[in-house]
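Reading through the structure tokens given below for one structure.
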Amino acid sequence: MGHEIISKYFNLSAEQEKQFRALDELYHDWNAKINVVSRKDIDNLYEHHILHSLAIAKMIEEQGIAIEGKKILDLGTGGGLPGIPLAIMYPDSKFHLIDSIGKKVKVANAIGDEIGLKNCRYSHLRAQEDKQTYDIIVSRAVMELSELLKIIKGKAKTLICLKGGNVDDEIAKCSAKISTSVVPITKYFDEEWFNEKYVVKVDI
């Protein structure tokens with residue numbers, strides 16, 4: 001399944017469609033040099049990586065979260081996921097994509113530049129080294145929720161992350177003071193691959 005899977009769930013402008021289409025060749029090319037997506041999984045790029053990232057956009061849409069003009073941090077972006085798909089979707093928001101592995105940041109930066117993203121910047125940083133504050137932090141399976149919350153304390157009021165497996169156990173380890181909302185991704189997308197995968201929003 002190619003980039004058409006994105007149009008199945010989102011109304012895209014011609015520019016967005018062009019940007020999503022371009023990701024296939026770019027990720028294949030870069031992945032051959034620097035492994036940012038599992039080599040066995042690169043042919044499932046759109047379903048397993050791009051659309052998966054956009055489950056965050058579905059939650060934003062569904063919950064009416066204000067996103068226009070907001071500052072968003074993608075913590076542990078790897079090769080630009082979920083940050084690049086979200087930046088395509090929200091051209092009026094400002095994204096900062098960070099990762100502790102420099103060569104992965106290089107890939108994200110190159111891909112963002114190639115598709116003409118004007119609303120992204122990229123830094124080779126660990127979360128603890130980033131002293132800025134944000135409106136929203138997004139993340140894709142970086143670490144356990146309780147660890148993630150410790151790292152981002154004071155950085156933002158809202159975290160939206162992608163999780164798999166037993167999310168209840170992860171939430172149980174967190175402070176009772178946080179408010180969480182957990183949505184199975186199968187609510188948004190039909191594909192079987194999304195079974196037991198979730199979008200988790202935490203109001204800190």
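Please note that chains go A, B, ... in the order of the structure tokens, that every chain numbers its residues from 1, and that ligands are numbered from 1 in the order shown.
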
Could you give me, as a list in words, the residues within 12 Å of Ile5 in chain A, counting only C-alpha atoms and dropping anything in the same chain fewer than 2 positions from it? Met1, Gly2, His3, Ser7, Lys8, Tyr9, Phe10, Asn11, Leu12, Glu17, Phe20, Arg21, Asn44, Leu45, Tyr46, Glu47, His48, His49, Ile50, Leu51, His52, Leu54, Phe189, Asp190 and Glu191 of chain A

What's around range 119-130 of chain A at 6 Å? Count only C-alpha atoms, leave out sequence neighbours fewer than 6 positions away in its own chain, and write the answer as JSON, numbers by chain. {"A": [94, 95, 96, 97, 98, 99, 100, 102]}

Filtering to all heavy atoms, could you give me those residues as a JSON list (two decimals), in the first residue's frame?
[["chain", "number", "residue", "atom", "x", "y", "z"],
["A", 94, "LYS", "N", 4.58, 25.02, 14.44],
["A", 94, "LYS", "CA", 6.05, 25.03, 14.42],
["A", 94, "LYS", "C", 6.57, 23.78, 15.12],
["A", 94, "LYS", "O", 6.27, 23.55, 16.29],
["A", 94, "LYS", "CB", 6.57, 26.27, 15.16],
["A", 94, "LYS", "CG", 6.13, 27.58, 14.55],
["A", 94, "LYS", "CD", 6.68, 28.75, 15.36],
["A", 94, "LYS", "CE", 6.15, 30.08, 14.87],
["A", 94, "LYS", "NZ", 4.77, 30.34, 15.33],
["A", 95, "PHE", "N", 7.34, 22.98, 14.39],
["A", 95, "PHE", "CA", 7.84, 21.71, 14.91],
["A", 95, "PHE", "C", 9.34, 21.75, 15.17],
["A", 95, "PHE", "O", 10.10, 22.29, 14.37],
["A", 95, "PHE", "CB", 7.54, 20.58, 13.90],
["A", 95, "PHE", "CG", 6.08, 20.21, 13.84],
["A", 95, "PHE", "CD1", 5.20, 20.95, 13.07],
["A", 95, "PHE", "CD2", 5.60, 19.13, 14.56],
["A", 95, "PHE", "CE1", 3.85, 20.62, 13.03],
["A", 95, "PHE", "CE2", 4.26, 18.78, 14.52],
["A", 95, "PHE", "CZ", 3.37, 19.53, 13.75],
["A", 96, "HIS", "N", 9.74, 21.15, 16.28],
["A", 96, "HIS", "CA", 11.16, 20.98, 16.59],
["A", 96, "HIS", "C", 11.38, 19.48, 16.77],
["A", 96, "HIS", "O", 10.80, 18.86, 17.66],
["A", 96, "HIS", "CB", 11.51, 21.74, 17.88],
["A", 96, "HIS", "CG", 12.98, 21.77, 18.17],
["A", 96, "HIS", "ND1", 13.49, 22.16, 19.39],
["A", 96, "HIS", "CD2", 14.07, 21.46, 17.39],
["A", 96, "HIS", "CE1", 14.82, 22.08, 19.35],
["A", 96, "HIS", "NE2", 15.19, 21.66, 18.15],
["A", 97, "LEU", "N", 12.19, 18.89, 15.90],
["A", 97, "LEU", "CA", 12.43, 17.45, 15.92],
["A", 97, "LEU", "C", 13.80, 17.21, 16.53],
["A", 97, "LEU", "O", 14.81, 17.72, 16.02],
["A", 97, "LEU", "CB", 12.40, 16.88, 14.50],
["A", 97, "LEU", "CG", 11.02, 16.60, 13.87],
["A", 97, "LEU", "CD1", 10.11, 17.82, 13.86],
["A", 97, "LEU", "CD2", 11.16, 16.04, 12.47],
["A", 98, "ILE", "N", 13.84, 16.46, 17.65],
["A", 98, "ILE", "CA", 15.12, 16.22, 18.30],
["A", 98, "ILE", "C", 15.37, 14.72, 18.48],
["A", 98, "ILE", "O", 14.43, 13.93, 18.61],
["A", 98, "ILE", "CB", 15.27, 16.95, 19.66],
["A", 98, "ILE", "CG1", 14.35, 16.33, 20.74],
["A", 98, "ILE", "CG2", 15.03, 18.44, 19.52],
["A", 98, "ILE", "CD1", 14.63, 16.85, 22.15],
["A", 99, "ASP", "N", 16.64, 14.36, 18.46],
["A", 99, "ASP", "CA", 17.02, 12.97, 18.73],
["A", 99, "ASP", "C", 18.45, 12.97, 19.24],
["A", 99, "ASP", "O", 19.25, 13.85, 18.90],
["A", 99, "ASP", "CB", 16.92, 12.11, 17.46],
["A", 99, "ASP", "CG", 16.81, 10.63, 17.80],
["A", 99, "ASP", "OD1", 17.85, 9.98, 18.06],
["A", 99, "ASP", "OD2", 15.68, 10.10, 17.82],
["A", 100, "SER", "N", 18.77, 11.97, 20.08],
["A", 100, "SER", "CA", 20.12, 11.89, 20.64],
["A", 100, "SER", "C", 21.11, 11.28, 19.65],
["A", 100, "SER", "O", 22.31, 11.27, 19.90],
["A", 100, "SER", "CB", 20.10, 11.08, 21.94],
["A", 100, "SER", "OG", 19.64, 9.77, 21.66],
["A", 102, "GLY", "N", 22.81, 11.63, 16.18],
["A", 102, "GLY", "CA", 23.02, 12.67, 15.17],
["A", 102, "GLY", "C", 22.70, 12.25, 13.75],
["A", 102, "GLY", "O", 22.12, 13.00, 12.98]]

Pick from A:Ala156, A:Leu26, A:Ile137, A:Ile72 nearest to Asn109 in chain A, counting only C-alpha atoms: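 That would be A:Leu26, the residue with the smallest distance to Asn109 in chain A.
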
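Minimum atom-to-atom distance to Tyr90 in chain A, evaluated using only C-alpha atoms, belongs to A:Ser13 out of A:Lys18, A:Ala108, A:Ser13, A:Tyr188.
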
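Counting only C-alpha atoms and comparing A:Val182, A:Val142, A:Val167, A:Ile136, the residue that lies closest to Ile65 in chain A is A:Ile136.
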
Could you please write out, as a PyMOL selection string, every residue of range 58-204 of chain A that DSSP assigns to strand (DSSP E)? chain A and resi 71-75+94-99+120-124+136-140+158-164+179-184+197-203

For the structure I just gave you, how does DSSP split range 51-190 of chain A - specifically, which residues are helix (DSSP H, G or I)? Reply as a VMD selection string. chain A and resid 51 to 62 83 to 89 102 to 114 127 to 129 145 to 152 167 to 172 185 to 187

Restricting the calculation to only C-alpha atoms: of A:Lys106, A:Val138, A:Ile111, A:Asp41, which residue gets closest to Leu86 in chain A?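 Ranking A:Lys106, A:Val138, A:Ile111, A:Asp41 by distance to Leu86 in chain A, first place goes to A:Val138.
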
Pick out the residues sitting within 12 Å of Asp168 in chain A, and hand them over as a ChimeraX atom specification; count only C-alpha atoms, and ignore anything fewer than 6 positions along from it in its own chain. /A:144-146,174,180-183,196,198,200

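Minimum distance to Leu148 in chain A across A:Leu75, A:Met89, A:Ile67, A:Ile60 (counting only C-alpha atoms) occurs at A:Leu75.
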
Tell me which protein, DNA and RNA residues are within 12 Å of Trp30 in chain A, counting only C-alpha atoms, leaving out same-chain ones fewer than 6 positions away, and put them as a PyMOL selection string. chain A and resi 23-24+36-37+39+42+79-80+103-111+114

Please, could you write that set of residues out with N, CA, C and O atoms as a compact mmCIF listing (two decimals), in the first residue's frame?
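Saved the output as again.txt:
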# COMPACT_ATOMS: atom_id res chain seq x y z
N LEU A 23 7.84 10.96 0.09
CA LEU A 23 8.50 10.29 1.22
C LEU A 23 8.96 8.87 0.88
O LEU A 23 9.97 8.40 1.42
N ASP A 24 8.27 8.20 -0.01
CA ASP A 24 8.59 6.81 -0.32
C ASP A 24 10.03 6.68 -0.82
O ASP A 24 10.84 5.96 -0.23
N VAL A 36 17.01 3.90 9.54
CA VAL A 36 16.07 4.62 10.42
C VAL A 36 14.74 3.87 10.55
O VAL A 36 13.97 4.11 11.47
N VAL A 37 14.47 3.00 9.60
CA VAL A 37 13.28 2.13 9.66
C VAL A 37 13.82 0.72 9.47
O VAL A 37 14.72 0.51 8.66
N ARG A 39 14.90 -2.57 8.10
CA ARG A 39 15.05 -2.92 6.67
C ARG A 39 13.92 -3.84 6.21
O ARG A 39 13.46 -3.78 5.08
N ILE A 42 10.64 -1.49 5.63
CA ILE A 42 10.63 -0.26 4.84
C ILE A 42 9.56 -0.28 3.74
O ILE A 42 9.00 0.74 3.38
N GLY A 79 14.21 9.07 12.40
CA GLY A 79 14.31 9.62 11.04
C GLY A 79 13.18 10.59 10.69
O GLY A 79 12.90 10.83 9.52
N GLY A 80 12.51 11.14 11.72
CA GLY A 80 11.49 12.16 11.45
C GLY A 80 10.06 11.71 11.70
O GLY A 80 9.12 12.27 11.14
N LYS A 103 23.09 11.01 13.38
CA LYS A 103 22.89 10.62 11.98
C LYS A 103 21.40 10.49 11.65
O LYS A 103 20.99 10.69 10.51
N LYS A 104 20.57 10.16 12.66
CA LYS A 104 19.12 10.08 12.40
C LYS A 104 18.52 11.47 12.20
O LYS A 104 17.67 11.67 11.34
N VAL A 105 19.02 12.42 12.98
CA VAL A 105 18.57 13.82 12.81
C VAL A 105 18.94 14.32 11.42
O VAL A 105 18.16 15.02 10.76
N LYS A 106 20.13 13.92 10.95
CA LYS A 106 20.59 14.30 9.61
C LYS A 106 19.59 13.81 8.55
O LYS A 106 19.28 14.52 7.59
N VAL A 107 19.10 12.58 8.71
CA VAL A 107 18.12 12.01 7.77
C VAL A 107 16.82 12.83 7.80
O VAL A 107 16.29 13.22 6.75
N ALA A 108 16.32 13.06 9.01
CA ALA A 108 15.06 13.83 9.15
C ALA A 108 15.20 15.20 8.49
O ALA A 108 14.32 15.64 7.74
N ASN A 109 16.33 15.86 8.76
CA ASN A 109 16.58 17.20 8.21
C ASN A 109 16.62 17.16 6.69
O ASN A 109 15.99 17.99 6.01
N ALA A 110 17.33 16.18 6.13
CA ALA A 110 17.47 16.06 4.67
C ALA A 110 16.11 15.81 4.02
O ALA A 110 15.77 16.41 2.99
N ILE A 111 15.32 14.93 4.64
CA ILE A 111 14.00 14.61 4.06
C ILE A 111 13.06 15.82 4.16
O ILE A 111 12.38 16.17 3.20
N GLU A 114 14.10 18.33 1.56
CA GLU A 114 13.80 17.84 0.20
C GLU A 114 12.33 18.05 -0.16
O GLU A 114 12.00 18.38 -1.29

Residues within 8 Å of Val202 in chain A, only C-alpha atoms, excluding chain neighbours under 6 positions, as a PyMOL selection string: chain A and resi 158-160+178-181

Let me make sure I understand: among A:Ile6, A:Ile88, A:Met59, A:Cys161, which one has the smallest atom-to-atom distance to Leu117 in chain A if we use only C-alpha atoms?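 Among A:Ile6, A:Ile88, A:Met59, A:Cys161, it is A:Ile88 that comes nearest to Leu117 in chain A.
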